file entry-v7.txt (compact mmCIF, C-alpha atoms)
# COMPACT_ATOMS: atom_id res chain seq x y z
CA MET A 8 0.00 0.00 0.00
CA THR A 9 1.09 3.59 -0.54
CA VAL A 10 2.63 5.34 2.39
CA GLU A 11 1.21 8.70 3.44
CA VAL A 12 3.81 11.47 3.24
CA VAL A 13 3.18 14.59 5.35
CA GLY A 14 5.11 17.81 4.82
CA ARG A 15 6.15 20.37 2.26
CA GLY A 16 9.16 20.91 0.06
CA GLU A 17 11.15 19.05 -2.58
CA LEU A 18 12.06 16.12 -0.37
CA ALA A 19 8.44 15.50 0.67
CA ASP A 20 7.38 15.77 -2.96
CA SER A 21 10.05 13.32 -4.07
CA LEU A 22 9.03 10.76 -1.44
CA ARG A 23 5.30 11.12 -2.14
CA GLY A 24 4.12 8.21 -4.24
CA ARG A 25 7.54 6.52 -4.24
CA VAL A 26 7.35 4.87 -0.80
CA ALA A 27 5.19 1.80 -0.31
CA SER A 28 4.81 -0.62 2.59
CA ASP A 29 3.13 -3.84 3.62
CA VAL A 30 1.89 -2.15 6.83
CA GLU A 31 0.19 1.17 7.55
CA ALA A 32 2.89 3.84 7.61
CA THR A 33 3.31 7.61 7.69
CA VAL A 34 6.36 9.65 6.74
CA ILE A 35 6.65 13.18 8.13
CA VAL A 36 9.16 15.56 6.56
CA VAL A 37 9.91 18.24 9.13
CA ALA A 38 10.09 21.94 8.31
CA GLY A 39 10.11 23.87 5.09
CA ARG A 40 13.13 25.64 3.78
CA ALA A 41 15.46 27.15 6.32
CA ARG A 42 16.92 30.65 6.17
CA ALA A 43 20.22 31.83 7.61
CA VAL A 44 19.98 34.51 10.29
CA ARG A 45 22.34 35.40 13.12
CA VAL A 46 20.72 35.01 16.51
CA SER A 47 21.46 38.63 17.35
CA ASP A 48 19.23 39.62 14.44
CA ILE A 49 16.55 36.93 14.60
CA THR A 50 12.99 38.23 14.88
CA ASP A 51 10.12 36.72 16.79
CA ASP A 52 8.40 36.02 13.48
CA GLU A 53 11.43 34.07 12.30
CA ILE A 54 11.50 32.00 15.50
CA ASP A 55 7.82 31.31 14.97
CA GLU A 56 8.38 30.29 11.36
CA GLN A 57 11.54 28.22 11.85
CA TRP A 58 10.77 26.64 15.24
CA GLU A 59 7.27 26.99 16.64
CA ARG A 60 4.95 26.31 13.74
CA PRO A 61 6.89 23.35 12.29
CA MET A 62 7.17 21.88 15.79
CA GLN A 63 3.43 22.20 16.32
CA ASP A 64 2.88 20.64 12.90
CA LEU A 65 5.12 17.74 13.87
CA ILE A 66 3.26 17.10 17.14
CA SER A 67 -0.05 17.19 15.27
CA GLY A 68 1.39 15.00 12.52
CA LEU A 69 2.52 12.34 14.98
CA GLN A 70 -0.82 12.43 16.75
CA GLY A 71 -2.64 12.14 13.43
CA ALA A 72 -0.55 9.20 12.28
CA HIS A 73 -1.14 7.41 15.56
CA ALA A 74 -4.88 8.11 15.40
CA ARG A 75 -5.03 6.68 11.88
CA GLY A 76 -3.42 3.47 13.12
CA ALA A 77 0.00 3.83 11.51
CA GLN A 78 2.29 0.99 12.59
CA ARG A 79 5.40 2.67 11.17
CA ILE A 80 6.15 6.36 11.54
CA VAL A 81 9.29 7.89 10.03
CA VAL A 82 10.32 11.51 10.60
CA VAL A 83 12.83 13.05 8.19
CA VAL A 84 15.11 15.80 9.52
CA PRO A 85 18.38 17.48 8.54
CA THR A 86 21.52 16.43 10.45
CA THR A 87 21.77 20.05 11.61
CA GLY A 88 20.16 19.14 14.92
CA MET A 89 23.07 16.87 15.72
CA SER A 90 25.83 19.05 14.30
CA GLY A 91 24.44 22.50 15.09
CA GLY A 92 24.56 25.19 12.46
CA ALA A 93 25.79 28.75 12.72
CA GLU A 94 23.01 31.13 11.69
CA TYR A 95 20.52 28.26 11.87
CA SER A 96 19.85 28.07 15.63
CA ALA A 97 16.07 27.82 15.37
CA THR A 98 16.19 25.29 12.55
CA ALA A 99 18.75 23.20 14.44
CA ALA A 100 16.54 23.32 17.53
CA LEU A 101 13.63 22.06 15.44
CA ALA A 102 15.64 19.20 13.94
CA GLU A 103 16.99 18.01 17.29
CA ALA A 104 13.66 18.41 19.06
CA ALA A 105 12.05 16.32 16.32
CA ARG A 106 14.68 13.61 16.69
CA VAL A 107 14.13 13.40 20.45
CA LEU A 108 10.33 13.57 20.15
CA VAL A 109 10.69 10.49 17.95
CA LYS A 110 12.35 8.73 20.90
CA SER A 111 9.56 9.75 23.29
CA ALA A 112 6.90 8.55 20.86
CA ALA A 113 8.78 5.31 20.29
CA ARG A 114 8.88 4.69 24.04
CA GLN A 115 5.17 5.46 24.47
CA TRP A 116 3.77 3.62 21.49
CA GLY A 117 6.12 0.65 21.40
CA ALA A 118 3.80 -1.44 23.57
CA SER A 119 1.23 -1.43 20.78
CA GLY A 120 3.78 -2.43 18.15
CA VAL A 121 4.16 1.02 16.66
CA THR A 122 7.69 1.96 15.62
CA VAL A 123 8.83 5.56 15.35
CA ASN A 124 12.19 6.41 13.78
CA ALA A 125 14.05 9.30 12.21
CA VAL A 126 16.04 9.58 9.02
CA ALA A 127 18.60 12.37 9.04
CA VAL A 128 19.72 13.75 5.69
CA ASP A 129 22.20 16.29 4.36
CA PRO A 130 21.23 19.80 5.52
CA GLN A 131 21.41 21.12 1.97
CA THR A 132 18.29 19.05 1.26
CA PHE A 133 16.48 21.51 3.54
CA GLY A 134 18.09 24.55 1.97
CA ILE A 135 20.75 25.01 4.64
CA ASP A 136 23.85 26.74 3.30
CA PRO A 137 27.01 24.93 4.47
CA ALA A 138 29.08 28.04 3.82
CA LYS A 139 27.16 29.75 6.62
CA SER A 140 26.24 26.89 8.94
CA GLY A 141 29.75 25.48 9.11
CA PRO A 142 30.87 21.95 8.27
CA VAL A 143 28.67 19.05 9.36
CA SER A 144 31.73 16.95 10.09
CA ILE A 145 35.49 17.29 10.53
CA ALA A 146 35.89 14.88 7.60
CA PRO A 147 34.59 14.90 4.02
CA ARG A 148 31.70 12.70 2.96
CA ALA A 149 32.78 9.04 2.79
CA LEU A 150 30.70 8.00 -0.23
CA GLU A 151 30.57 9.71 -3.58
CA GLY A 152 27.52 10.23 -5.74
CA ALA A 153 23.97 11.41 -5.20
CA VAL A 154 22.22 10.39 -1.98
CA ASP A 155 18.57 9.34 -2.13
CA PRO A 156 16.99 8.52 1.26
CA THR A 157 13.93 6.87 -0.29
CA ALA A 158 15.10 3.26 0.20
CA THR A 159 16.07 3.93 3.83
CA VAL A 160 12.69 5.52 4.53
CA GLN A 161 10.95 2.63 2.79
CA TRP A 162 12.80 0.03 4.85
CA LEU A 163 11.88 1.75 8.12
CA CYS A 164 8.26 1.74 6.91
CA SER A 165 8.31 -1.98 6.26
CA ALA A 166 7.41 -5.03 8.33
CA ALA A 167 11.07 -6.00 8.23
CA ALA A 168 11.94 -3.10 10.55
CA ALA A 169 9.51 -4.20 13.26
CA HIS A 170 12.14 -4.21 16.02
CA VAL A 171 13.86 -0.97 15.15
CA THR A 172 12.42 1.99 17.02
CA GLY A 173 13.53 5.29 18.52
CA GLN A 174 16.53 5.35 16.20
CA THR A 175 18.02 7.91 13.86
CA VAL A 176 19.39 6.48 10.62
CA VAL A 177 21.74 9.00 9.04
CA CYS A 178 21.47 8.79 5.27
CA ASP A 179 23.93 11.35 3.93
CA GLY A 180 26.65 9.32 2.25
CA GLY A 181 28.74 9.13 5.40
CA LEU A 182 29.16 12.82 6.13
CA TRP A 183 27.91 12.87 9.72
CA MET A 184 29.27 9.98 11.80
CA MET B 24 32.31 33.99 49.72
CA VAL B 25 34.86 31.16 49.49
CA GLY B 26 36.73 31.91 46.27
CA ARG B 27 37.65 34.63 43.80
CA SER B 28 37.73 32.91 40.42
CA LEU B 29 34.79 34.98 39.14
CA ILE B 30 35.63 38.22 40.92
CA ASP B 31 34.13 41.25 39.10
CA ARG B 32 32.22 39.06 36.63
CA VAL B 33 28.50 39.67 36.31
CA ALA B 34 26.09 36.79 35.84
CA ILE B 35 22.38 36.52 35.15
CA VAL B 36 20.79 33.26 36.28
CA THR B 37 17.19 32.76 35.19
CA GLY B 38 14.83 30.73 37.32
CA ALA B 39 17.11 31.38 40.27
CA GLY B 40 14.29 31.74 42.79
CA GLN B 41 14.53 28.05 43.60
CA GLY B 42 16.04 24.72 42.62
CA VAL B 43 18.86 24.33 40.14
CA GLY B 44 18.90 28.04 39.30
CA GLU B 45 19.24 28.95 42.96
CA GLY B 46 22.07 26.47 43.39
CA ILE B 47 23.93 27.88 40.40
CA ALA B 48 23.41 31.48 41.55
CA ARG B 49 24.79 30.62 45.00
CA ARG B 50 27.83 28.80 43.62
CA LEU B 51 28.74 31.62 41.21
CA ALA B 52 28.33 34.16 44.01
CA GLU B 53 30.59 32.10 46.27
CA GLU B 54 33.32 32.62 43.69
CA GLY B 55 32.89 36.36 43.62
CA ALA B 56 30.47 36.84 40.74
CA ARG B 57 27.91 39.62 41.06
CA VAL B 58 24.71 37.74 40.45
CA VAL B 59 21.33 38.76 39.11
CA VAL B 60 18.69 36.41 40.46
CA ALA B 61 16.24 36.55 37.57
CA ALA B 62 12.96 35.18 38.83
CA ARG B 63 9.42 35.52 37.56
CA ARG B 64 8.28 36.60 41.01
CA ALA B 65 10.24 38.75 43.47
CA GLU B 66 8.66 36.71 46.30
CA THR B 67 10.95 33.82 45.35
CA GLY B 68 13.90 35.70 43.86
CA GLU B 69 14.44 38.37 46.51
CA PRO B 70 14.95 35.94 49.45
CA VAL B 71 17.61 34.11 47.43
CA ALA B 72 19.38 37.38 46.58
CA ALA B 73 19.14 38.52 50.21
CA SER B 74 20.53 35.23 51.45
CA ILE B 75 23.49 35.52 49.06
CA ARG B 76 24.15 39.04 50.34
CA ASP B 77 23.91 37.83 53.95
CA GLU B 78 26.66 35.32 53.15
CA GLY B 79 28.94 38.05 51.85
CA GLY B 80 28.07 37.86 48.17
CA ASP B 81 26.67 40.46 45.81
CA ALA B 82 23.26 39.74 44.35
CA VAL B 83 20.09 41.48 43.28
CA CYS B 84 16.74 40.16 42.14
CA ILE B 85 15.25 41.35 38.86
CA GLU B 86 11.76 40.14 38.08
CA THR B 87 11.96 38.47 34.69
CA ASP B 88 9.55 36.43 32.61
CA VAL B 89 11.83 34.56 30.20
CA ALA B 90 8.89 33.79 27.90
CA ASP B 91 8.55 37.52 27.22
CA ALA B 92 11.22 39.02 24.95
CA GLU B 93 10.71 42.50 26.35
CA SER B 94 11.13 41.26 29.91
CA VAL B 95 14.42 39.56 29.00
CA ARG B 96 15.60 42.74 27.26
CA ARG B 97 14.79 44.77 30.39
CA CYS B 98 16.61 42.31 32.63
CA VAL B 99 19.77 42.55 30.54
CA ALA B 100 19.53 46.34 30.34
CA GLU B 101 19.00 46.71 34.10
CA THR B 102 21.88 44.36 34.80
CA VAL B 103 24.30 46.34 32.66
CA ALA B 104 22.99 49.65 34.05
CA ARG B 105 23.56 48.45 37.59
CA PHE B 106 26.85 46.55 37.26
CA GLY B 107 28.37 48.02 34.09
CA ARG B 108 28.92 44.72 32.34
CA LEU B 109 27.53 41.25 31.67
CA ASP B 110 29.78 38.20 31.34
CA ILE B 111 27.70 35.12 32.06
CA VAL B 112 24.12 34.17 31.27
CA VAL B 113 22.67 30.96 32.63
CA HIS B 114 19.22 30.16 31.29
CA ASN B 115 17.58 27.69 33.63
CA ALA B 116 13.96 28.81 34.00
CA PHE B 117 11.33 26.42 32.70
CA THR B 118 7.61 26.01 33.14
CA GLY B 119 4.90 24.05 31.46
CA GLY B 120 2.14 21.55 31.92
CA ILE B 121 3.44 18.12 31.17
CA PRO B 122 0.96 15.63 29.71
CA HIS B 123 1.79 11.98 30.17
CA ARG B 124 0.36 10.78 26.86
CA LEU B 125 1.57 12.25 23.60
CA GLU B 126 -1.69 11.51 21.82
CA ALA B 127 -3.57 13.55 24.45
CA ALA B 128 -1.25 16.55 24.38
CA ARG B 129 -2.56 19.90 23.17
CA VAL B 130 -0.12 22.27 21.56
CA ASP B 131 -1.89 25.32 22.95
CA LYS B 132 -2.27 24.02 26.49
CA HIS B 133 0.73 21.76 27.04
CA TRP B 134 3.37 22.58 24.45
CA SER B 135 3.27 26.34 24.26
CA ALA B 136 4.59 27.16 27.74
CA MET B 137 7.36 24.58 27.48
CA SER B 138 8.38 25.88 24.08
CA ARG B 139 8.35 29.51 25.22
CA THR B 140 10.48 28.92 28.33
CA SER B 141 12.96 26.57 26.66
CA VAL B 142 13.76 27.36 23.02
CA TRP B 143 12.17 30.80 22.67
CA ALA B 144 13.70 31.95 25.96
CA SER B 145 17.13 30.57 25.04
CA LEU B 146 17.03 32.59 21.83
CA PHE B 147 15.78 35.68 23.70
CA CYS B 148 18.62 35.40 26.22
CA ALA B 149 21.15 34.92 23.42
CA ARG B 150 19.80 37.76 21.31
CA GLU B 151 19.65 40.31 24.12
CA SER B 152 22.97 39.45 25.75
CA TYR B 153 25.15 38.96 22.67
CA SER B 154 26.72 42.42 22.46
CA HIS B 155 27.63 42.34 26.16
CA LEU B 156 29.12 38.85 25.96
CA VAL B 157 31.26 40.03 23.03
CA GLU B 158 32.51 42.90 25.17
CA SER B 159 33.32 40.49 27.98
CA SER B 160 35.36 38.31 25.64
CA ARG B 161 37.36 41.35 24.51
CA ARG B 162 38.58 42.02 28.04
CA PRO B 163 42.11 40.97 29.01
CA ALA B 164 42.61 37.31 29.87
CA GLY B 165 41.48 36.62 33.40
CA ASP B 166 39.04 39.53 33.43
CA GLY B 167 36.27 38.28 31.21
CA GLY B 168 35.01 35.79 28.70
CA GLY B 169 31.44 35.67 27.48
CA ARG B 170 29.56 32.58 28.57
CA LEU B 171 26.08 31.31 27.75
CA ILE B 172 24.98 28.21 29.64
CA LEU B 173 21.66 26.50 28.91
CA ILE B 174 20.15 24.07 31.39
CA THR B 175 18.73 21.07 29.57
CA SER B 176 18.00 17.53 30.74
CA PRO B 177 19.12 13.94 30.18
CA SER B 178 15.64 13.30 28.79
CA GLY B 179 16.46 15.91 26.16
CA VAL B 180 18.91 13.37 24.82
CA GLU B 181 17.16 10.06 25.28
CA GLY B 182 13.47 10.99 25.10
CA SER B 183 10.93 10.08 27.75
CA ALA B 184 7.90 7.82 27.96
CA ASN B 185 6.52 9.80 30.90
CA ILE B 186 7.10 13.39 29.80
CA PRO B 187 7.11 13.15 26.01
CA LEU B 188 6.97 16.86 25.16
CA TYR B 189 9.45 17.95 27.81
CA SER B 190 12.15 15.99 25.99
CA PRO B 191 12.01 17.84 22.65
CA ALA B 192 11.79 21.19 24.42
CA LYS B 193 15.07 20.38 26.15
CA ALA B 194 16.62 18.80 23.05
CA GLY B 195 16.13 22.02 21.13
CA GLN B 196 18.32 23.83 23.63
CA ARG B 197 21.23 21.46 23.01
CA ALA B 198 21.06 22.21 19.29
CA ILE B 199 20.99 25.93 20.02
CA ALA B 200 24.15 25.54 22.10
CA LYS B 201 25.93 23.75 19.26
CA SER B 202 24.74 26.30 16.72
CA LEU B 203 25.76 29.29 18.82
CA ALA B 204 29.09 27.67 19.65
CA ARG B 205 29.77 27.79 15.92
CA GLU B 206 28.28 31.25 15.42
CA TRP B 207 29.89 32.92 18.42
CA GLY B 208 33.18 31.03 18.52
CA PRO B 209 34.95 33.72 16.47
CA ASP B 210 33.86 36.24 19.14
CA GLY B 211 35.42 34.12 21.89
CA ILE B 212 32.08 33.34 23.52
CA THR B 213 31.48 29.79 24.67
CA VAL B 214 28.03 28.19 24.74
CA ASN B 215 27.37 24.96 26.59
CA CYS B 216 24.61 22.95 28.25
CA ILE B 217 24.26 21.19 31.57
CA ALA B 218 21.87 18.25 31.80
CA PRO B 219 21.30 17.82 35.54
CA VAL B 220 19.36 15.54 37.79
CA ALA B 221 19.13 17.35 41.11
CA ALA B 222 17.08 17.66 44.25
CA SER B 223 14.97 20.53 42.97
CA PRO B 224 11.68 21.39 44.71
CA SER B 225 9.70 19.79 41.88
CA LEU B 226 11.65 16.54 42.13
CA LEU B 227 11.40 16.51 45.93
CA THR B 228 7.64 17.00 45.64
CA ALA B 229 7.49 14.08 43.24
CA PHE B 230 9.46 11.98 45.73
CA GLU B 231 6.97 12.86 48.49
CA ARG B 232 4.07 11.79 46.31
CA ASN B 233 5.81 8.65 45.15
CA PRO B 234 8.64 7.39 47.40
CA ALA B 235 9.24 4.50 45.00
CA LEU B 236 10.38 7.06 42.42
CA GLN B 237 13.24 8.16 44.64
CA GLN B 238 14.27 4.58 45.29
CA ALA B 239 14.17 3.76 41.59
CA LEU B 240 16.14 6.85 40.65
CA GLU B 241 18.83 6.22 43.23
CA ALA B 242 19.02 2.54 42.31
CA ARG B 243 19.73 3.30 38.65
CA THR B 244 22.30 5.98 39.51
CA PRO B 245 25.86 4.65 39.85
CA LEU B 246 26.68 7.27 42.48
CA GLY B 247 23.54 6.22 44.37
CA ARG B 248 22.14 9.65 45.16
CA VAL B 249 20.36 12.62 43.63
CA GLY B 250 22.51 15.68 42.95
CA ASP B 251 22.77 18.69 45.21
CA ILE B 252 21.72 21.92 43.47
CA THR B 253 24.73 23.92 44.70
CA ARG B 254 27.62 21.56 45.32
CA ASP B 255 26.94 19.23 42.37
CA ILE B 256 25.16 21.25 39.71
CA GLY B 257 26.40 24.70 40.70
CA SER B 258 29.97 23.50 40.53
CA VAL B 259 29.58 22.31 36.94
CA ALA B 260 28.11 25.71 36.08
CA LEU B 261 31.06 27.36 37.81
CA PHE B 262 33.46 25.42 35.61
CA LEU B 263 31.60 26.40 32.44
CA ALA B 264 31.32 30.02 33.60
CA GLY B 265 34.98 30.44 34.45
CA ASP B 266 38.36 30.59 32.76
CA ASP B 267 39.12 26.86 33.10
CA SER B 268 36.57 26.02 30.39
CA SER B 269 37.69 28.61 27.84
CA TYR B 270 38.31 25.91 25.18
CA VAL B 271 35.06 24.01 25.81
CA THR B 272 32.09 24.99 23.65
CA GLY B 273 29.03 23.40 22.08
CA GLN B 274 29.01 20.63 24.67
CA THR B 275 26.48 19.11 27.03
CA ILE B 276 27.74 18.00 30.44
CA VAL B 277 25.36 15.44 31.88
CA CYS B 278 25.47 15.85 35.65
CA ASP B 279 23.29 13.05 37.00
CA GLY B 280 25.52 10.77 39.02
CA GLY B 281 26.22 8.57 36.00
CA SER B 282 22.64 7.53 35.35
CA PHE B 283 22.73 8.41 31.66
CA LEU B 284 25.86 7.19 29.86
CA GLY B 285 24.72 7.45 26.27
CA LEU B 286 26.70 10.40 24.94

call {"tool": "encode", "arguments": {"input": "entry-v7.txt", "output": "C-alpha cells"}}
result
Amino acid sequence: MTVEVVGRGELADSLRGRVASDVEATVIVVAGRARAVRVSDITDDEIDEQWERPMQDLISGLQGAHARGAQRIVVVVPTTGMSGGAEYSATAALAEAARVLVKSAARQWGASGVTVNAVAVDPQTFGIDPAKSGPVSIAPRALEGAVDPTATVQWLCSAAAAHVTGQTVVCDGGLWM
Amino acid sequence: MVGRSLIDRVAIVTGAGQGVGEGIARRLAEEGARVVVAARRAETGEPVAASIRDEGGDAVCIETDVADAESVRRCVAETVARFGRLDIVVHNAFTGGIPHRLEAARVDKHWSAMSRTSVWASLFCARESYSHLVESSRRPAGDGGGRLILITSPSGVEGSANIPLYSPAKAGQRAIAKSLAREWGPDGITVNCIAPVAASPSLLTAFERNPALQQALEARTPLGRVGDITRDIGSVALFLAGDDSSYVTGQTIVCDGGSFLGL
C-alpha cells in the first residue's frame, strides 16, 4: 500500500508516491526551507516560522498518524540538529527536538507495536547553506555520488523493521558519523 | 564567599528563585560573581538574593519572565545599568504543563509554555545578551570571557515515555548551544549545556508523592544519590562560567551521578 507522506518541500514531494509498505505507515518531513539569520538579528516572526509552527505541525502530525493506526512512523530531519549550524539556531533546535520527540513517541507507542524512527539527511536538502552553517563533520563525505533517502525511509516503513524503534538512521553518504 | 575565580564578573541566572537556578546562583556568588537572580516573582527571587548578600556575596533580584522578549531585554539592560557589564548568562527557568500521553497533548495548552520557556527563551537570552558577551570576551585574559549556559536535561537526549513533550523542548536547547558555539566562537564566547538531575523542589515533591520514584532513581544511579543543586550542579556551572573552560564549547555535560551514559 502507498505510504502517506506529510510535509512540504522538494524532499516530501520526491518521497510522495515513491514509498510503499506492507503495513500502515506515515512519513513526516519536518520543516520547510530554512533561512540563515544570526541570533542577534533573529525576529520573533522568524522563530515562529523556523521553530514553533513546524514543531506544532510535527506534534499534530505524529498524533494524526497514531490516530489513523500507523504501525510505522518515520520523521525526516536534517543532520543540523546533531551538528548544530551557525546562523541556523532555530532550525537546528527544530531538527533536534524532532529527533528526540521520535524517541519519546517510540517509548510510548512501542507497547502497541508502533515503531517511530528518524532519518537524518544532508542539511542542503532543507536549503541550509554549508558556507554559513559550518561543516557538518570534521571529515569529508565518505561516499561519492547522489544520496537518495527513499530506500532507507521505505525500509523503516516496512514489516522488516519491526524491532527498530527510537533510532536515527543517518542517510547522507557518510558525512555525519 | 569562598573563592575569587569569578571576581568582578557579572552573571544573570534565570529561574534562580529556587532549585537548580538557585544552586547555580549561590555557587557563582561564592566565587565572587555579582549575580542577578532573575525570577518571575520577586517573592521567590528576593529571598535568594538577600541570602546571598547575607553570606557576603553580591546579588540582586530582577523580576523576569523569560517567555517575554521584552522582559528579557529589560533584565539585561537593568543588569548592565547596575553593574556596568555582563559576562555570564545561565538560562535555567522552565515552566509548562506536562501531559503523560503524547496523543492527548494539546499544543496550545501543554506545548506552548514549554516551548516559550525553553527554546524561545534561550534565543531571547542569546539575542539580548550577545553584544555584552562580546565585550566580555574582549577584556584581558582573566578579566572576562562571554559565557552562555543553557540548562537542559538527560531526557532531552534520550526521550521520555513519561514526559514526552518535555524531551524535545530540552533537546532544542542542546542544538541551540551547538549552533551558537559555531556562530559565536569567532567572538570568543562559549556556549554549553548542563543536563542535571538534582534535588529541585519539583523533584522533591514528586518523591513525596511517590517514594518509590526516589528509590528507583537512586538505584539506577551509579553514584547512588540525587545531585545537590549547589555543590553538584552549581559547581559544573562554575566550571563552564569560568576561565578553566575557555576551550570548551558546544558541549552538554550530563550531571546526573552517571545515570545516563549514552553520549

call {"tool": "interface_residues", "arguments": {"input": "entry-v7.txt", "of": "chain B", "to": "chain A", "cutoff": "10 Å", "atoms": "only C-alpha atoms", "output": "VMD selection string"}}
result
chain B and resid 92 123 to 131 134 to 135 138 to 139 142 to 143 146 to 154 178 to 208 273

call {"tool": "atom_distance", "arguments": {"input": "entry-v7.txt", "atom1": "atom CA of B:Ala100", "atom2": "atom CA of B:Thr253"}}
result
27.1 Å

call {"tool": "closest_residue", "arguments": {"input": "entry-v7.txt", "among": "A:Ala153, A:Ala138, A:Met8, A:Ala166", "to": "A:Thr122", "atoms": "all atoms listed in the file"}}
result
A:Ala166

call {"tool": "atom_distance", "arguments": {"input": "entry-v7.txt", "atom1": "atom CA of B:Gly107", "atom2": "atom CA of B:Arg254"}}
result
28.8 Å

call {"tool": "residues_around", "arguments": {"input": "entry-v7.txt", "residues": "A:Gln161", "least_positions_apart": "4", "cutoff": "8 Å", "atoms": "all atoms listed in the file", "output": "JSON, numbers by chain"}}
result
{"A": [26, 27, 28, 157, 165]}

call {"tool": "residues_around", "arguments": {"input": "entry-v7.txt", "residues": "B:Ile47", "least_positions_apart": "2", "cutoff": "8 Å", "atoms": "all atoms listed in the file", "output": "ChimeraX atom specification"}}
result
/B:36,39,43-45,49-51,252-253,256-258,260-261

call {"tool": "residues_around", "arguments": {"input": "entry-v7.txt", "residues": "B:Phe262", "least_positions_apart": "2", "cutoff": "12 Å", "atoms": "all atoms listed in the file", "output": "list in words"}}
result
Ser28, Leu29, Ile47, Arg50, Leu51, Glu54, Ile111, Arg170, Ile172, Thr213, Asn215, Cys216, Ile217, Arg254, Asp255, Ile256, Gly257, Ser258, Val259, Ala260, Ala264, Gly265, Asp266, Asp267, Ser268, Ser269, Tyr270, Val271 and Ile276 of chain B

call {"tool": "write_last_selection", "arguments": {"input": "entry-v7.txt", "atoms": "C-alpha atoms", "output": "mmCIF file, keeping the file's coordinate frame"}}
result
data_model
loop_
_atom_site.group_PDB
_atom_site.id
_atom_site.type_symbol
_atom_site.label_atom_id
_atom_site.label_comp_id
_atom_site.auth_asym_id
_atom_site.auth_seq_id
_atom_site.Cartn_x
_atom_site.Cartn_y
_atom_site.Cartn_z
ATOM 1 C CA SER B 28 37.730 32.910 40.420
ATOM 2 C CA LEU B 29 34.790 34.980 39.140
ATOM 3 C CA ILE B 47 23.930 27.880 40.400
ATOM 4 C CA ARG B 50 27.830 28.800 43.620
ATOM 5 C CA LEU B 51 28.740 31.620 41.210
ATOM 6 C CA GLU B 54 33.320 32.620 43.690
ATOM 7 C CA ILE B 111 27.700 35.120 32.060
ATOM 8 C CA ARG B 170 29.560 32.580 28.570
ATOM 9 C CA ILE B 172 24.980 28.210 29.640
ATOM 10 C CA THR B 213 31.480 29.790 24.670
ATOM 11 C CA ASN B 215 27.370 24.960 26.590
ATOM 12 C CA CYS B 216 24.610 22.950 28.250
ATOM 13 C CA ILE B 217 24.260 21.190 31.570
ATOM 14 C CA ARG B 254 27.620 21.560 45.320
ATOM 15 C CA ASP B 255 26.940 19.230 42.370
ATOM 16 C CA ILE B 256 25.160 21.250 39.710
ATOM 17 C CA GLY B 257 26.400 24.700 40.700
ATOM 18 C CA SER B 258 29.970 23.500 40.530
ATOM 19 C CA VAL B 259 29.580 22.310 36.940
ATOM 20 C CA ALA B 260 28.110 25.710 36.080
ATOM 21 C CA ALA B 264 31.320 30.020 33.600
ATOM 22 C CA GLY B 265 34.980 30.440 34.450
ATOM 23 C CA ASP B 266 38.360 30.590 32.760
ATOM 24 C CA ASP B 267 39.120 26.860 33.100
ATOM 25 C CA SER B 268 36.570 26.020 30.390
ATOM 26 C CA SER B 269 37.690 28.610 27.840
ATOM 27 C CA TYR B 270 38.310 25.910 25.180
ATOM 28 C CA VAL B 271 35.060 24.010 25.810
ATOM 29 C CA ILE B 276 27.740 18.000 30.440
#

call {"tool": "axis_aligned_box", "arguments": {"input": "entry-v7.txt", "around": "stretch 140-159 of chain A", "padding_each_side": "6 Å", "output": "AutoDock Vina command-line options"}}
result
--center_x 24.9 --center_y 15.1 --center_z 2.4 --size_x 34.0 --size_y 35.6 --size_z 28.3

call {"tool": "atom_distance", "arguments": {"input": "entry-v7.txt", "atom1": "atom CA of A:Trp183", "atom2": "atom CA of A:Pro85"}}
result
10.7 Å

call {"tool": "residues_near_point", "arguments": {"input": "entry-v7.txt", "point": "(26.3, 41.5, 36.5)", "cutoff": "8 Å", "atoms": "all atoms listed in the file", "output": "ChimeraX atom specification"}}
result
/B:32-35,56-59,102-103,105-111

call {"tool": "residues_around", "arguments": {"input": "entry-v7.txt", "residues": "stretch 115-121 of chain B", "least_positions_apart": "4", "cutoff": "6 Å", "atoms": "all atoms listed in the file", "output": "PyMOL selection string"}}
result
chain B and resi 37-38+44+133+136-137+140+174

call {"tool": "residues_around", "arguments": {"input": "entry-v7.txt", "residues": "A:Arg23", "least_positions_apart": "4", "cutoff": "12 Å", "atoms": "all atoms listed in the file", "output": "list in words"}}
result
Thr9, Val10, Glu11, Val12, Val13, Gly14, Arg15, Gly16, Glu17, Leu18, Ala19, Ala27, Thr33, Val34, Ile35, Val36, Thr157, Val160 and Gln161 of chain A

call {"tool": "residues_near_point", "arguments": {"input": "entry-v7.txt", "point": "(3.8, -0.4, 14.8)", "cutoff": "9 Å", "atoms": "all atoms listed in the file", "output": "PyMOL selection string"}}
result
chain A and resi 30-32+76-80+116-123+166+169
